[in-house]
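Quick look at start_8.csv (CSV, C-alpha atoms):
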```
chain,number,residue,atom,x,y,z
N,1,MET,CA,137.6,14.8,-3.6
N,2,HIS,CA,138.4,11.1,-3.8
N,3,VAL,CA,139.2,8.7,-1.0
N,4,ARG,CA,141.2,5.5,-1.7
N,5,PRO,CA,143.8,3.2,-0.2
N,6,LEU,CA,147.4,4.5,-0.4
N,7,HIS,CA,150.2,2.4,-1.8
N,8,ARG,CA,154.0,2.5,-1.4
N,9,GLY,CA,154.3,4.4,-4.7
N,10,ASP,CA,152.3,7.4,-3.3
N,11,ASP,CA,153.9,10.5,-1.9
N,12,PHE,CA,154.3,9.7,1.8
N,13,ALA,CA,156.2,13.0,2.4
N,14,ALA,CA,152.7,14.5,2.2
N,15,THR,CA,151.4,12.2,4.9
N,16,LEU,CA,154.3,13.3,7.2
N,17,ASP,CA,153.5,16.9,6.4
N,18,LEU,CA,149.9,16.3,7.4
N,19,ALA,CA,151.0,14.7,10.7
N,20,GLN,CA,153.3,17.6,11.6
N,21,ARG,CA,150.6,20.1,10.8
N,22,ALA,CA,148.1,18.2,13.0
N,23,PHE,CA,150.3,17.0,15.8
N,24,GLY,CA,153.3,19.3,15.9
N,25,PRO,CA,156.9,19.2,14.6
N,26,ALA,CA,158.8,15.9,14.5
N,27,SER,CA,162.4,15.0,14.1
N,28,ALA,CA,163.7,13.0,11.1
N,29,ALA,CA,164.0,10.0,13.4
N,30,ASP,CA,160.3,10.5,14.5
N,31,ASP,CA,159.3,10.6,10.8
N,32,GLU,CA,161.1,7.4,10.1
N,33,LEU,CA,159.3,5.7,13.0
N,34,ARG,CA,156.0,7.0,11.8
N,35,LEU,CA,156.6,5.6,8.3
N,36,ALA,CA,157.9,2.3,9.6
N,37,GLY,CA,154.8,1.9,11.7
N,38,ALA,CA,152.6,2.8,8.8
N,39,TRP,CA,153.9,0.2,6.3
N,40,PRO,CA,152.0,-2.8,7.7
N,41,SER,CA,148.7,-0.9,7.2
N,42,VAL,CA,149.8,0.4,3.7
N,43,ASP,CA,150.7,-3.1,2.6
N,44,GLY,CA,147.5,-4.5,4.1
N,45,GLY,CA,145.3,-2.0,2.2
N,46,ARG,CA,144.3,-0.4,5.5
N,47,TYR,CA,145.8,3.1,5.0
N,48,PHE,CA,143.4,5.6,3.2
N,49,GLY,CA,144.1,9.0,1.7
N,50,ALA,CA,141.7,11.8,0.7
N,51,LEU,CA,142.9,13.6,-2.4
N,52,ARG,CA,141.6,16.8,-3.8
N,53,ASP,CA,142.8,18.0,-7.2
N,54,GLY,CA,145.6,15.4,-6.9
N,55,SER,CA,146.8,16.7,-3.5
N,56,LEU,CA,146.6,14.8,-0.2
N,57,VAL,CA,144.3,16.6,2.2
N,58,GLY,CA,143.5,13.9,4.7
N,59,ARG,CA,144.5,10.4,5.7
N,60,ALA,CA,143.4,7.6,8.1
N,61,LEU,CA,144.3,4.0,8.8
N,62,PHE,CA,143.3,1.0,10.9
N,63,HIS,CA,145.4,-1.7,12.5
N,64,ASP,CA,144.7,-5.4,12.4
N,65,MET,CA,144.3,-6.1,16.1
N,66,THR,CA,142.8,-8.5,18.7
N,67,GLN,CA,141.0,-7.2,21.7
N,68,TRP,CA,140.1,-9.2,24.8
N,69,TRP,CA,136.6,-9.1,26.3
N,70,HIS,CA,136.1,-11.0,29.6
N,71,GLY,CA,139.1,-13.1,28.7
N,72,ARG,CA,138.1,-14.0,25.1
N,73,ALA,CA,139.9,-12.7,22.0
N,74,VAL,CA,137.8,-10.7,19.5
N,75,PRO,CA,139.2,-9.4,16.2
N,76,MET,CA,139.2,-5.6,16.2
N,77,ALA,CA,140.1,-2.8,13.8
N,78,GLY,CA,142.0,-0.1,15.6
N,79,VAL,CA,141.5,3.2,13.9
N,80,ALA,CA,144.4,5.7,14.1
N,81,GLY,CA,146.0,8.6,12.3
N,82,VAL,CA,142.8,10.4,11.3
N,83,VAL,CA,144.2,13.7,10.0
N,84,VAL,CA,142.8,16.5,7.8
N,85,ALA,CA,144.8,19.4,6.4
N,86,PRO,CA,144.0,22.6,8.3
N,87,GLU,CA,142.8,24.4,5.1
N,88,ALA,CA,140.4,21.6,4.4
N,89,ARG,CA,138.8,21.1,7.8
N,90,GLY,CA,135.1,21.5,8.1
N,91,THR,CA,134.4,20.3,4.5
N,92,GLY,CA,133.4,16.7,5.3
N,93,ILE,CA,136.8,15.1,4.6
N,94,GLY,CA,137.1,13.5,8.0
N,95,ARG,CA,133.6,12.0,7.7
N,96,ALA,CA,134.4,10.7,4.2
N,97,LEU,CA,137.6,9.1,5.4
N,98,MET,CA,135.9,7.4,8.3
N,99,ALA,CA,133.0,6.2,6.1
N,100,ALA,CA,135.6,4.6,3.8
N,101,LEU,CA,137.4,3.0,6.8
N,102,LEU,CA,134.1,1.7,8.3
N,103,ALA,CA,133.0,0.2,5.0
N,104,GLU,CA,136.3,-1.6,4.7
N,105,ILE,CA,136.3,-2.7,8.3
N,106,GLU,CA,132.8,-4.2,7.8
N,107,ALA,CA,133.8,-5.9,4.5
N,108,ARG,CA,136.7,-7.6,6.3
N,109,GLY,CA,134.5,-9.0,9.0
N,110,TYR,CA,135.7,-7.2,12.1
N,111,PRO,CA,133.1,-7.4,14.8
N,112,LEU,CA,134.5,-4.3,16.6
N,113,SER,CA,136.5,-1.1,16.0
N,114,ALA,CA,138.2,1.1,18.6
N,115,LEU,CA,140.0,4.4,18.6
N,116,TYR,CA,141.6,7.1,20.8
N,117,PRO,CA,139.7,10.3,19.9
N,118,SER,CA,141.3,13.8,19.8
N,119,THR,CA,137.7,15.0,19.6
N,120,THR,CA,134.5,13.0,19.9
N,121,PRO,CA,131.6,14.6,17.9
N,122,LEU,CA,132.6,13.0,14.6
N,123,TYR,CA,133.1,9.6,16.0
N,124,ARG,CA,129.9,9.7,18.1
N,125,SER,CA,128.0,10.6,15.0
N,126,LEU,CA,129.3,7.4,13.4
N,127,GLY,CA,128.3,5.2,16.4
N,128,TYR,CA,131.4,5.1,18.5
N,129,GLU,CA,131.1,5.7,22.3
N,130,ILE,CA,133.4,6.1,25.2
N,131,ALA,CA,134.2,2.6,26.4
N,132,GLY,CA,137.2,2.5,28.7
N,133,GLY,CA,140.5,4.2,29.7
N,134,LEU,CA,144.2,4.0,29.5
N,135,TYR,CA,145.4,4.0,33.1
N,136,GLU,CA,148.8,4.9,34.6
N,137,VAL,CA,150.1,3.9,38.0
N,138,SER,CA,152.9,5.9,39.6
N,139,VAL,CA,154.9,4.4,42.4
N,140,PRO,CA,158.2,5.6,44.2
N,141,SER,CA,161.0,3.2,43.4
N,142,ARG,CA,161.6,2.8,47.2
N,143,SER,CA,158.2,1.1,47.6
N,144,LEU,CA,159.2,-1.6,45.1
N,145,ARG,CA,162.4,-2.7,46.9
N,146,ARG,CA,160.5,-4.9,49.3
N,147,LEU,CA,157.3,-6.5,48.2
N,148,LEU,CA,154.9,-7.9,50.7
N,149,PRO,CA,155.2,-11.7,51.2
N,150,PRO,CA,152.3,-13.8,50.0
N,151,GLU,CA,149.7,-14.3,52.7
N,152,ALA,CA,148.8,-17.7,51.2
N,153,GLY,CA,152.4,-18.9,51.4
N,154,PRO,CA,155.0,-19.5,48.6
N,155,ALA,CA,153.0,-22.5,47.3
N,156,GLY,CA,150.3,-20.1,46.2
N,157,LEU,CA,152.5,-18.1,43.8
N,158,GLY,CA,152.4,-20.7,41.0
N,159,GLY,CA,154.2,-20.5,37.7
N,160,GLN,CA,157.8,-19.3,36.9
N,161,GLY,CA,159.3,-16.0,37.8
N,162,THR,CA,162.2,-16.1,35.4
N,163,LEU,CA,162.6,-13.3,32.8
N,164,ARG,CA,165.0,-13.0,29.9
N,165,ARG,CA,165.8,-10.4,27.3
N,166,ALA,CA,163.5,-10.4,24.3
N,167,GLY,CA,163.9,-9.1,20.7
N,168,PRO,CA,162.1,-9.2,17.3
N,169,PRO,CA,162.6,-13.0,16.9
N,170,ASP,CA,160.4,-13.4,20.0
N,171,ALA,CA,157.4,-11.6,18.6
N,172,ALA,CA,155.2,-14.7,18.2
N,173,GLN,CA,156.0,-15.8,21.8
N,174,VAL,CA,155.3,-12.4,23.1
N,175,MET,CA,151.9,-12.4,21.4
N,176,ALA,CA,151.1,-15.8,22.9
N,177,VAL,CA,152.1,-14.7,26.4
N,178,LEU,CA,149.9,-11.6,26.1
N,179,GLY,CA,147.0,-13.8,25.1
N,180,ARG,CA,147.5,-16.1,28.1
N,181,CYS,CA,147.8,-13.1,30.5
N,182,TYR,CA,144.6,-11.4,29.2
N,183,ALA,CA,142.7,-14.7,29.3
N,184,ALA,CA,143.9,-15.6,32.8
N,185,ALA,CA,142.8,-12.1,34.1
N,186,ARG,CA,139.4,-12.4,32.3
N,187,ALA,CA,140.4,-8.9,31.0
N,188,SER,CA,138.2,-6.6,29.1
N,189,GLY,CA,139.7,-4.1,26.7
N,190,PRO,CA,143.4,-4.8,26.3
N,191,VAL,CA,144.7,-5.3,22.7
N,192,ARG,CA,147.4,-7.1,20.8
N,193,HIS,CA,149.0,-6.0,17.6
N,194,ASP,CA,149.8,-8.2,14.6
N,195,LEU,CA,153.1,-10.1,14.3
N,196,ILE,CA,154.9,-7.4,12.2
N,197,THR,CA,153.9,-4.5,14.5
N,198,THR,CA,154.9,-6.6,17.6
N,199,ALA,CA,158.3,-7.3,16.1
N,200,HIS,CA,158.7,-3.6,15.3
N,201,LEU,CA,158.0,-2.7,19.0
N,202,LEU,CA,160.6,-5.3,20.1
N,203,ALA,CA,163.2,-3.7,17.7
N,204,ASP,CA,162.9,-0.2,19.3
N,205,GLN,CA,166.4,0.6,20.6
N,206,ASP,CA,165.0,2.9,23.3
N,207,LEU,CA,163.0,0.2,25.0
N,208,TYR,CA,164.0,-2.8,27.1
N,209,ASN,CA,162.0,-6.0,26.7
N,210,TYR,CA,161.9,-9.0,29.0
N,211,LEU,CA,159.9,-12.1,28.5
N,212,GLY,CA,159.0,-15.1,30.6
N,213,ASP,CA,156.6,-18.1,30.2
N,214,ASP,CA,153.9,-16.1,32.0
N,215,ALA,CA,155.0,-12.5,31.7
N,216,PHE,CA,156.2,-9.7,29.5
N,217,VAL,CA,157.5,-6.2,30.3
N,218,CYS,CA,158.6,-3.4,28.0
N,219,TYR,CA,160.0,-0.2,29.5
N,220,GLY,CA,162.5,2.6,29.0
N,221,TRP,CA,163.9,5.7,30.6
N,222,SER,CA,161.8,8.8,30.9
N,223,GLY,CA,164.2,11.5,29.6
N,224,ALA,CA,165.7,14.0,31.9
N,225,GLU,CA,163.4,13.0,34.8
N,226,HIS,CA,165.4,9.7,35.4
N,227,ASP,CA,162.1,7.9,35.8
N,228,ILE,CA,161.3,4.5,34.5
N,229,ALA,CA,158.4,4.6,31.9
N,230,VAL,CA,156.7,1.2,31.5
N,231,GLU,CA,155.0,0.8,28.1
N,232,LEU,CA,153.5,-2.7,28.9
N,233,ALA,CA,153.7,-5.1,31.8
N,234,VAL,CA,151.6,-8.2,32.1
N,235,ALA,CA,151.7,-11.4,34.1
N,236,ALA,CA,149.6,-14.5,34.3
N,237,THR,CA,150.8,-15.8,37.7
N,238,PRO,CA,151.6,-14.3,41.1
N,239,ALA,CA,155.3,-15.4,40.7
N,240,ALA,CA,155.5,-13.7,37.3
N,241,ALA,CA,153.9,-10.5,38.6
N,242,ARG,CA,156.5,-10.3,41.4
N,243,ALA,CA,159.3,-11.0,38.8
N,244,VAL,CA,158.1,-8.1,36.7
N,245,TRP,CA,157.9,-5.6,39.5
N,246,SER,CA,161.2,-6.8,41.0
N,247,LEU,CA,162.9,-6.2,37.7
N,248,LEU,CA,161.6,-2.7,37.6
N,249,ALA,CA,162.6,-2.2,41.2
N,250,SER,CA,166.2,-3.0,40.4
N,251,HIS,CA,166.5,0.5,38.9
N,252,GLY,CA,165.7,2.1,42.2
N,253,SER,CA,169.2,3.4,42.9
N,254,ILE,CA,168.8,5.7,39.8
N,255,ALA,CA,165.1,6.1,39.1
N,256,ASP,CA,163.0,7.9,41.7
N,257,THR,CA,159.7,6.8,40.2
N,258,VAL,CA,158.2,4.0,38.1
N,259,ARG,CA,155.3,5.1,35.9
N,260,ALA,CA,153.5,2.2,34.2
N,261,VAL,CA,150.6,1.9,31.9
N,262,ALA,CA,148.6,-0.7,33.8
N,263,SER,CA,145.3,-2.3,34.5
N,264,PRO,CA,143.3,-0.4,37.1
N,265,ALA,CA,143.3,-3.6,39.1
N,266,ASP,CA,147.1,-4.3,38.7
N,267,PRO,CA,148.3,-6.2,41.8
N,268,ILE,CA,151.0,-3.6,42.5
N,269,GLY,CA,148.7,-1.7,44.8
N,270,TRP,CA,148.4,-4.8,46.9
N,271,LEU,CA,152.1,-5.8,46.7
N,272,THR,CA,153.6,-2.7,48.3
N,273,ALA,CA,153.7,-2.1,52.0
N,274,GLU,CA,152.8,1.6,51.9
N,275,PRO,CA,149.9,3.3,50.1
N,276,ASP,CA,152.2,5.0,47.6
N,277,VAL,CA,150.7,3.7,44.4
N,278,ARG,CA,148.8,6.5,42.5
N,279,LEU,CA,146.4,5.6,39.7
N,280,ARG,CA,145.0,7.9,37.1
N,281,ARG,CA,142.9,7.6,34.0
N,282,ARG,CA,145.2,9.2,31.5
N,283,GLU,CA,143.1,8.9,28.3
N,284,GLU,CA,139.8,7.5,27.1
N,285,TRP,CA,139.1,5.3,24.1
N,286,MET,CA,136.0,4.7,22.1
N,287,LEU,CA,134.3,1.5,20.8
N,288,ARG,CA,132.1,0.8,17.8
N,289,VAL,CA,130.2,-2.5,17.4
N,290,ILE,CA,130.4,-3.3,13.7
N,291,SER,CA,128.5,-6.6,13.7
N,292,ALA,CA,126.3,-7.1,16.8
N,293,PRO,CA,125.8,-10.8,16.4
N,294,ALA,CA,129.5,-11.5,15.8
N,295,ALA,CA,130.6,-9.2,18.6
N,296,VAL,CA,128.3,-11.0,21.1
N,297,ALA,CA,129.3,-14.5,19.9
N,298,ALA,CA,133.0,-13.7,20.1
N,299,ARG,CA,133.3,-12.2,23.6
N,300,GLY,CA,133.3,-13.9,27.0
N,301,PHE,CA,130.7,-13.5,29.7
N,302,PRO,CA,130.7,-14.4,33.5
N,303,ALA,CA,130.2,-18.2,33.7
N,304,ALA,CA,127.6,-17.8,36.5
N,305,VAL,CA,125.3,-15.4,34.5
N,306,ARG,CA,122.3,-16.6,32.7
N,307,ALA,CA,120.0,-14.2,30.8
N,308,SER,CA,117.5,-14.1,28.0
N,309,VAL,CA,116.7,-10.5,27.0
N,310,PRO,CA,114.8,-8.9,24.1
N,311,LEU,CA,116.6,-6.0,22.4
N,312,THR,CA,115.6,-3.6,19.7
N,313,LEU,CA,118.6,-2.1,17.9
N,314,ALA,CA,118.7,0.8,15.4
N,315,ASP,CA,121.9,1.4,13.5
N,316,PRO,CA,121.8,3.7,10.5
N,317,TRP,CA,125.4,3.0,9.5
N,318,PHE,CA,125.1,-0.8,9.6
N,319,PRO,CA,121.5,-1.8,8.8
N,320,ALA,CA,122.3,-5.5,9.4
N,321,ASN,CA,122.4,-4.6,13.2
N,322,THR,CA,118.9,-3.0,13.0
N,323,GLY,CA,115.9,-5.0,14.2
N,324,THR,CA,114.5,-7.0,17.1
N,325,TRP,CA,116.8,-9.5,18.7
N,326,ARG,CA,117.1,-11.9,21.7
N,327,LEU,CA,120.3,-11.9,23.6
N,328,THR,CA,121.0,-15.2,25.4
N,329,VAL,CA,123.9,-15.6,27.8
N,330,GLY,CA,124.9,-18.8,29.5
N,331,ASP,CA,128.0,-20.9,30.3
N,332,GLY,CA,130.3,-18.0,29.6
N,333,ARG,CA,129.1,-17.4,26.1
N,334,GLY,CA,126.4,-15.3,24.3
N,335,THR,CA,124.3,-15.3,21.2
N,336,LEU,CA,122.2,-12.6,19.5
N,337,ALA,CA,119.5,-14.1,17.3
N,338,ARG,CA,116.7,-12.3,15.4
N,339,ARG,CA,113.4,-12.9,17.0
N,340,PRO,CA,110.1,-11.0,16.7
N,341,GLY,CA,108.5,-10.0,19.9
N,342,GLY,CA,105.8,-12.2,21.4
N,343,PRO,CA,102.8,-11.4,23.6
N,344,GLY,CA,104.5,-12.9,26.7
N,345,ASP,CA,107.8,-11.1,26.2
N,346,SER,CA,109.0,-8.4,28.5
N,347,PRO,CA,109.4,-5.0,26.8
N,348,ALA,CA,112.5,-4.8,24.6
N,349,LEU,CA,115.4,-2.6,25.6
N,350,ARG,CA,116.0,-0.1,22.8
N,351,LEU,CA,119.6,1.0,21.9
N,352,GLY,CA,121.3,2.9,19.1
N,353,PRO,CA,124.9,2.1,18.1
N,354,ARG,CA,126.4,4.4,20.8
N,355,GLY,CA,124.3,2.8,23.5
N,356,LEU,CA,125.2,-0.7,22.2
N,357,ALA,CA,128.9,0.1,22.3
N,358,ALA,CA,128.7,1.4,25.8
N,359,LEU,CA,126.6,-1.6,27.0
N,360,TYR,CA,129.1,-4.0,25.4
N,361,ALA,CA,131.9,-2.2,27.4
N,362,GLY,CA,130.1,-2.7,30.7
N,363,THR,CA,128.5,0.8,31.2
N,364,PRO,CA,125.6,0.3,33.7
N,365,LEU,CA,122.1,0.6,32.3
N,366,ALA,CA,121.3,3.3,34.8
N,367,THR,CA,124.0,5.4,33.3
N,368,LEU,CA,122.9,4.7,29.7
N,369,ARG,CA,119.3,5.7,30.6
N,370,MET,CA,120.4,9.0,32.2
N,371,ALA,CA,122.5,9.8,29.2
N,372,GLY,CA,119.6,9.1,26.8
N,373,LEU,CA,121.4,6.1,25.3
N,374,ALA,CA,118.8,3.4,26.3
N,375,SER,CA,115.0,3.2,26.7
N,376,GLY,CA,112.4,0.5,27.2
N,377,GLY,CA,113.1,-2.7,29.0
N,378,ASP,CA,112.4,-3.1,32.7
N,379,PRO,CA,114.4,-3.4,35.9
N,380,ALA,CA,114.9,-7.2,35.5
N,381,THR,CA,116.3,-6.6,32.0
N,382,ASP,CA,118.7,-4.0,33.4
N,383,ALA,CA,119.9,-6.2,36.2
N,384,ALA,CA,120.5,-9.1,33.8
N,385,LEU,CA,122.5,-7.0,31.3
N,386,ASP,CA,124.5,-5.3,34.0
N,387,ALA,CA,125.6,-8.7,35.3
N,388,ALA,CA,126.4,-10.1,31.8
N,389,PHE,CA,128.5,-7.1,30.6
N,390,ALA,CA,130.0,-6.0,33.9
N,391,GLY,CA,133.6,-4.9,33.7
N,392,THR,CA,136.1,-2.1,33.8
N,393,PRO,CA,137.6,-2.0,30.3
N,394,TYR,CA,141.2,-0.8,29.9
N,395,MET,CA,143.9,-0.7,27.3
N,396,LEU,CA,147.7,-1.0,27.8
N,397,ASP,CA,148.6,0.2,24.2
N,398,HIS,CA,148.2,3.5,22.5
N,399,PHE,CA,147.8,3.5,18.7
```
As structure tokens:
Amino acid sequence: MHVRPLHRGDDFAATLDLAQRAFGPASAADDELRLAGAWPSVDGGRYFGALRDGSLVGRALFHDMTQWWHGRAVPMAGVAGVVVAPEARGTGIGRALMAALLAEIEARGYPLSALYPSTTPLYRSLGYEIAGGLYEVSVPSRSLRRLLPPEAGPAGLGGQGTLRRAGPPDAAQVMAVLGRCYAAARASGPVRHDLITTAHLLADQDLYNYLGDDAFVCYGWSGAEHDIAVELAVAATPAAARAVWSLLASHGSIADTVRAVASPADPIGWLTAEPDVRLRRREEWMLRVISAPAAVAARGFPAAVRASVPLTLADPWFPANTGTWRLTVGDGRGTLARRPGGPGDSPALRLGPRGLAALYAGTPLATLRMAGLASGGDPATDAALDAAFAGTPYMLDHF
């Protein structure tokens, strides 16, 4: 069995066959969309295949992405499409594919990797851990027809509330707006695709895209249900948020319900007069810290938090992470520097790759200890780390 990057000259009919065997039948149009979405990864050398006796028995890819952590952008490799032929499952092909992807991800300098798991044992064995969710809000259209007035007065709205139609030529501007929105919210978890993938999204004939200086919304009709399905809705100012939800409310004469992938703290729950907004965690995603020093240096931290904490990390997959470190946080930034323990040091907190990923995503130390993902340290260490990494990570995109 041989794992290698796939190229345009390879047999991609075999990759579609694998996808159908793994995820169910697809129409010709769905297959075309799958291929169109795969080409950026193929051309970028990020689409790997496992071949046995010349036949494709598995494939996996990763997207070139950016993920926000406490409002700062961090390069991230989004793993997707991990598929093994039914007759080849249980033979180590999935692990071989993931090993090849992780080696390439490390070689390209990504500090982080994330994925949506269909099953977790393989990914946990490679150091991934549950980090956050993809949340969906559901609200009756009638509740959106009249949003509550701002208590602080119109002057507190800020920004512009004008939206216009957007298409593929607007991809770079959409990316810039997403970055501003995630930074303004000090968000943890949401991602942004590369330019080609963003333009591909904007070209989807079944989706309607609207763009403003401080907002972007992408939505479509939800089949026979006559509901509005919002793929992505973000805003950086109160005025922009009202513009987004007012645009969606304009469909209220036809659509009974608006269902939106959203932040768990989306303001819609505070904009409606009645408690009609329902929030659910639809899926979970996993995180892997590839380079601990780079991941800490890239992310944001609460500006008021100051901490200096000894850590001992053990990472069998990425030995460069293994060792004794000192995590220092201050002025909204962090560093992780190698430092042997001294006689006056507090006991070092001990983490493996799963515990490190969960801590990075804001999982409380009490939870990590109960799950067997952290040991050592002391109550002061726990309190400092909980304050530094606090957050409720979420994604708005599925990949």
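Interatomic distance, atom CA of N:Val261 to atom CA of N:Ala297: 29.4 Å.
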Can you pull out every residue within 7 Å of stretch 120-131 of chain N, counting only C-alpha atoms, but drop anything in the same chain fewer than 5 positions away, and send it as a list in words?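 Near stretch 120-131 of chain N, the qualifying residues are Glu284, Trp285, Met286, Leu287, Arg288, Pro353, Arg354, Ala357, Ala358, Ala361 and Pro393 of chain N.
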Neighbouring residues of stretch 303-309 of chain N were defined as those with any atom within 12 Å, considering all atoms listed in the file; residues of the same chain fewer than 6 positions away were excluded. Please report them as an NGL selection string. :N and (70-71 or 186 or 324-339 or 341 or 345-350 or 376-390)
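Proximity to N:Gln173 was assessed for N:Ser41, N:Pro190, N:Ala203, N:Tyr210 counting all atoms listed in the file; the smallest distance is recorded for N:Tyr210.
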For stretch 220-229 of chain N, find every residue with an atom within 8 Å (counting only C-alpha atoms), except residues of its own chain fewer than 3 positions away, and show them as a list in words. Asp206, Leu207, Tyr208, Leu248, His251, Ile254, Ala255, Asp256, Thr257, Val258, Arg259 and Ala260 of chain N
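Nearest residue to N:Leu102, choosing from N:Ala152, N:Ala249, N:Ile290, N:Ala13 and counting all atoms listed in the file: N:Ile290.
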Residue nearest N:Leu147 among N:Leu97, N:Ile268, N:Leu18, N:Leu6 (counting all atoms listed in the file):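 When distances to N:Leu147 are compared using all atoms listed in the file, the smallest one comes from N:Ile268.
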Shortest interatomic distance to N:Ala187 - which of N:Met395, N:Ala88, N:Ala22, N:Val137, counting all atoms listed in the file: N:Met395
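Closest approach to N:Asp397 among N:Ala14, N:Ala171, N:Val230, N:Ala298 is made by N:Val230 (distances from only C-alpha atoms).
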Separation of atom CA of N:Leu163 and atom CA of N:Asp194, in Å?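 These atoms are spaced 22.8 Å apart.
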Because some atoms of stretch 238-251 of chain N are absent here, can you restore N, CA and C atoms and send them as a short mmCIF file (atom, residue, chain, number, x, y, z; two decimals), in the coordinates of the input?
```cif
data_model
loop_
_atom_site.label_atom_id
_atom_site.label_comp_id
_atom_site.auth_asym_id
_atom_site.auth_seq_id
_atom_site.Cartn_x
_atom_site.Cartn_y
_atom_site.Cartn_z
N PRO N 238 151.06 -15.15 40.03
CA PRO N 238 151.60 -14.30 41.10
C PRO N 238 153.15 -14.24 41.03
N ALA N 239 153.80 -15.37 40.77
CA ALA N 239 155.30 -15.40 40.70
C ALA N 239 155.76 -14.49 39.57
N ALA N 240 155.07 -14.55 38.43
CA ALA N 240 155.50 -13.70 37.30
C ALA N 240 155.27 -12.25 37.58
N ALA N 241 154.18 -11.90 38.26
CA ALA N 241 153.90 -10.50 38.60
C ALA N 241 155.04 -9.96 39.50
N ARG N 242 155.45 -10.75 40.48
CA ARG N 242 156.50 -10.30 41.40
C ARG N 242 157.85 -10.18 40.60
N ALA N 243 158.07 -11.07 39.63
CA ALA N 243 159.30 -11.00 38.80
C ALA N 243 159.33 -9.69 38.03
N VAL N 244 158.19 -9.32 37.44
CA VAL N 244 158.10 -8.10 36.70
C VAL N 244 158.41 -6.87 37.52
N TRP N 245 157.74 -6.75 38.65
CA TRP N 245 157.90 -5.60 39.50
C TRP N 245 159.27 -5.56 40.18
N SER N 246 159.82 -6.72 40.45
CA SER N 246 161.20 -6.80 41.00
C SER N 246 162.22 -6.33 40.01
N LEU N 247 162.02 -6.69 38.75
CA LEU N 247 162.90 -6.20 37.70
C LEU N 247 162.91 -4.70 37.61
N LEU N 248 161.72 -4.12 37.64
CA LEU N 248 161.60 -2.70 37.60
C LEU N 248 162.22 -2.03 38.84
N ALA N 249 162.05 -2.69 39.99
CA ALA N 249 162.60 -2.20 41.20
C ALA N 249 164.11 -2.14 41.23
N SER N 250 164.74 -2.96 40.39
CA SER N 250 166.20 -3.00 40.40
C SER N 250 166.83 -1.71 39.89
N HIS N 251 166.02 -0.82 39.30
CA HIS N 251 166.50 0.50 38.90
C HIS N 251 166.37 1.55 39.96
#
```
